[in-house]
Amino acid sequence: MSDSVADDEKSYPLHDHHLQYIADLRVSEQIFATRFVQSCSTSGCSARCCREGVLVDIAHRDRVLAEASLIIQHMEPQQEHDPSRWFEPHDEPDLDYPSGRAVNTNIVNGTCVFLDSRRLCVLHSAEAASPGLKPFYCRAYPVAIDHGCVTLDVDWCPEDTQCCQPVDSGEQSALDVYEPELAHLLGDSGVRELRRVAEIRRQQPPAPDLPAPTPYARDRREG
Ligand code: SF4
């Protein structure tokens, strides 16, 4: 591991994770270098990050559609109850997803079709009856995978330092704030490997300054 880290200043290989469909998974320097305020927590999320919806694996889209009757039970009257309007009509190739294809949820009234007026996700609400219904990247947010590299998908809510917006200097790292999300993404062994990488990184000379992370996709998260 230490030799591989030395070979790449901006990302590091990962081996002990459960995303077997990504052959050469890496983790971005941003995961280790980005800082957050002491009070930062996903429990402070305002769900503004849901405004562009989320990309989901087409197999998960099919699961959601198959469970439409359950989901509708959790929707408010004014929400879109027609499953044919829950996803965009066209999917696209994306190797960060198990099937290799992804599709975005539809946007209704300026936010994801699954977000209700209380800023709660109905897929999340329906999980009591159907565990795992909330999209994978929604549960992982703001941790994401971009072209096979674990990174942060921040800057959707530039004022929300209480949940995901980085600061120039802060008491916490992404491993401190988002350990449950990283464990969801990579498994417990993946988090342990991240901590080993973090320790190796700490023992190396400082890397040159990196640009701040920027949004890279139409949202992959879940509040
Ligand atoms: S958590 Fe994900 S699926 Fe749920 S409302 Fe937000 S973007 Fe949509």
# chains A, B, ... in the order shown; residues from 1 in each chain; ligands from 1
>>> closest_atom_pairs(of="chain A", to="ligand 1", cutoff="8 Å", atoms="only C-alpha atoms and all ligand atoms", output="CSV")
residue,atom,partner,partner_atom_place_in_ligand_line,distance
A:Ala47,CA,ligand 1,6 (Fe),6.6
A:Cys49,CA,ligand 1,6 (Fe),7.1
A:Cys50,CA,ligand 1,7 (S),4.1
A:Arg51,CA,ligand 1,7 (S),7.0
A:Glu52,CA,ligand 1,7 (S),7.0
A:Gly53,CA,ligand 1,7 (S),4.1
A:Val54,CA,ligand 1,7 (S),4.8
A:Thr105,CA,ligand 1,8 (Fe),6.8
A:Thr111,CA,ligand 1,5 (S),7.6
A:Cys112,CA,ligand 1,8 (Fe),4.6
A:Val113,CA,ligand 1,8 (Fe),6.4
A:Phe114,CA,ligand 1,5 (S),4.4
A:Leu115,CA,ligand 1,5 (S),3.9
A:Asp116,CA,ligand 1,5 (S),7.6
A:Arg119,CA,ligand 1,5 (S),7.8
A:Leu120,CA,ligand 1,5 (S),6.8
A:Cys121,CA,ligand 1,4 (Fe),4.2
A:Val122,CA,ligand 1,4 (Fe),6.5
A:Leu123,CA,ligand 1,4 (Fe),5.9
A:His124,CA,ligand 1,4 (Fe),6.6
A:Lys134,CA,ligand 1,3 (S),6.2
A:Pro135,CA,ligand 1,3 (S),6.0
A:Tyr137,CA,ligand 1,2 (Fe),7.6
A:Cys138,CA,ligand 1,2 (Fe),4.6
A:Arg139,CA,ligand 1,1 (S),7.2
A:Asp219,CA,ligand 1,7 (S),7.4
A:Arg220,CA,ligand 1,7 (S),7.3
A:Arg221,CA,ligand 1,2 (Fe),5.8
A:Glu222,CA,ligand 1,1 (S),3.6
A:Gly223,CA,ligand 1,1 (S),4.9
>>> closest_residue(among="A:Asp96, A:Glu199, A:Asp62, A:Asp155", to="A:Leu185", atoms="only C-alpha atoms")
A:Asp96
>>> residues_around(residues="A:Tyr21", least_positions_apart="5", cutoff="10 Å", atoms="only C-alpha atoms", output="JSON, numbers by chain")
{"A": [95, 96, 97, 98, 99, 100, 148]}
>>> atom_distance(atom1="atom CA of A:Asp16", atom2="atom CA of A:Glu29")
17.7 Å
>>> residues_around(residues="stretch 9-15 of chain A", least_positions_apart="2", cutoff="6 Å", atoms="only C-alpha atoms", output="PyMOL selection string")
chain A and resi 5+17+25-29
>>> write_last_selection(atoms="C-alpha atoms", output="PDB file, in the first residue's frame")
ATOM      1  CA  VAL A   5       0.371   5.820  -2.337  1.00  0.00           C
ATOM      2  CA  HIS A  17     -14.202  -2.901  -0.286  1.00  0.00           C
ATOM      3  CA  LEU A  25     -11.286   1.608  -7.352  1.00  0.00           C
ATOM      4  CA  ARG A  26      -9.327   4.576  -5.983  1.00  0.00           C
ATOM      5  CA  VAL A  27      -9.893   7.229  -3.350  1.00  0.00           C
ATOM      6  CA  SER A  28      -9.336  10.898  -4.035  1.00  0.00           C
ATOM      7  CA  GLU A  29      -7.012  13.088  -2.025  1.00  0.00           C
TER       8      GLU A  29
END
>>> select_by_dssp(residues="stretch 51-212 of chain A", states="alpha helix (DSSP H)", output="ChimeraX atom specification")
/A:58-66,68-73,122-125,136-140,174-177,179-186,188-202
>>> write_last_selection(atoms="C-alpha atoms", output="short mmCIF file (atom, residue, chain, number, x, y, z; two decimals), in the first residue's frame")
data_model
loop_
_atom_site.label_atom_id
_atom_site.label_comp_id
_atom_site.auth_asym_id
_atom_site.auth_seq_id
_atom_site.Cartn_x
_atom_site.Cartn_y
_atom_site.Cartn_z
CA ILE A 58 -31.31 1.13 -13.93
CA ALA A 59 -31.82 -2.05 -11.87
CA HIS A 60 -32.74 0.14 -8.89
CA ARG A 61 -35.11 2.17 -11.05
CA ASP A 62 -36.83 -1.08 -11.97
CA ARG A 63 -37.08 -2.04 -8.29
CA VAL A 64 -38.63 1.33 -7.42
CA LEU A 65 -41.16 0.97 -10.22
CA ALA A 66 -41.98 -2.59 -9.12
CA ALA A 68 -44.72 1.76 -6.80
CA SER A 69 -47.82 0.88 -4.77
CA LEU A 70 -45.80 0.93 -1.52
CA ILE A 71 -44.10 4.21 -2.43
CA ILE A 72 -47.37 5.90 -3.32
CA GLN A 73 -48.67 5.06 0.16
CA VAL A 122 -40.55 9.03 0.43
CA LEU A 123 -38.17 6.24 -0.62
CA HIS A 124 -36.49 6.65 2.75
CA SER A 125 -39.87 6.57 4.49
CA PHE A 136 -27.34 3.89 -3.11
CA TYR A 137 -25.77 7.28 -3.81
CA CYS A 138 -28.43 9.13 -1.86
CA ARG A 139 -27.46 7.18 1.23
CA ALA A 140 -23.78 7.76 0.54
CA ALA A 174 -14.51 13.55 5.85
CA LEU A 175 -13.59 10.35 7.70
CA ASP A 176 -14.75 11.99 10.92
CA VAL A 177 -18.04 13.38 9.58
CA GLU A 179 -17.91 7.44 8.42
CA PRO A 180 -21.44 5.91 8.16
CA GLU A 181 -21.69 7.03 4.53
CA LEU A 182 -18.22 5.68 3.74
CA ALA A 183 -19.13 2.39 5.44
CA HIS A 184 -22.29 2.20 3.32
CA LEU A 185 -20.22 2.80 0.18
CA LEU A 186 -17.19 0.63 0.94
CA ASP A 188 -16.41 -1.62 7.28
CA SER A 189 -13.23 -3.10 5.83
CA GLY A 190 -13.18 -0.28 3.29
CA VAL A 191 -13.31 2.32 6.08
CA ARG A 192 -10.46 0.55 7.86
CA GLU A 193 -8.44 0.72 4.65
CA LEU A 194 -9.19 4.43 4.31
CA ARG A 195 -7.85 4.97 7.81
CA ARG A 196 -4.70 3.05 6.90
CA VAL A 197 -4.29 5.25 3.81
CA ALA A 198 -4.86 8.35 5.93
CA GLU A 199 -2.11 7.26 8.30
CA ILE A 200 0.30 6.57 5.42
CA ARG A 201 -0.57 9.95 3.94
CA ARG A 202 0.11 11.66 7.27
#
>>> select_by_dssp(residues="chain A", states="strand (DSSP E or B)", output="PyMOL selection string")
chain A and resi 11-13+26-28+35-36+55-57+87+92-93+101-105+107-108+111-112+115+121+143-146+149-152+167+172-173
>>> residues_around(residues="A:Asp94", least_positions_apart="5", cutoff="12 Å", atoms="only C-alpha atoms", output="list in words")
Tyr21, Ile22, Leu55, Val56, Asp57, Ile58, Ser99, Gly100, Arg101, Ala102, Val103, Asn104, Ile145, Asp146, His147, Gly148 and Ala217 of chain A
>>> write_last_selection(atoms="C-alpha atoms", output="mmCIF file, in the first residue's frame")
data_model
loop_
_atom_site.group_PDB
_atom_site.id
_atom_site.type_symbol
_atom_site.label_atom_id
_atom_site.label_comp_id
_atom_site.auth_asym_id
_atom_site.auth_seq_id
_atom_site.Cartn_x
_atom_site.Cartn_y
_atom_site.Cartn_z
ATOM 1 C CA TYR A 21 -17.857 -4.312 -10.069
ATOM 2 C CA ILE A 22 -15.239 -1.503 -10.053
ATOM 3 C CA LEU A 55 -28.697 9.143 -10.764
ATOM 4 C CA VAL A 56 -29.664 5.567 -9.959
ATOM 5 C CA ASP A 57 -28.692 2.238 -11.428
ATOM 6 C CA ILE A 58 -31.311 1.125 -13.930
ATOM 7 C CA SER A 99 -25.268 -2.527 -14.334
ATOM 8 C CA GLY A 100 -23.165 0.022 -16.205
ATOM 9 C CA ARG A 101 -26.171 2.257 -16.894
ATOM 10 C CA ALA A 102 -27.849 4.976 -14.833
ATOM 11 C CA VAL A 103 -30.914 7.190 -15.062
ATOM 12 C CA ASN A 104 -31.865 10.380 -13.232
ATOM 13 C CA ILE A 145 -17.785 7.772 -6.890
ATOM 14 C CA ASP A 146 -16.628 9.634 -9.960
ATOM 15 C CA HIS A 147 -15.102 7.503 -12.716
ATOM 16 C CA GLY A 148 -14.008 4.827 -10.293
ATOM 17 C CA ALA A 217 -22.738 15.182 -11.923
#
>>> closest_residue(among="A:Ile107, A:Ala144, A:Leu19, A:Cys45", to="A:Gly187", atoms="only C-alpha atoms")
A:Leu19
>>> closest_residue(among="A:Gly110, A:Cys157, A:Arg35, A:Gln203", to="A:Gly170", atoms="only C-alpha atoms")
A:Arg35
>>> residues_around(residues="A:Gly44", least_positions_apart="2", cutoff="6 Å", atoms="only C-alpha atoms", output="list in words")
Ser41, Thr42, Gln162 and Cys163 of chain A
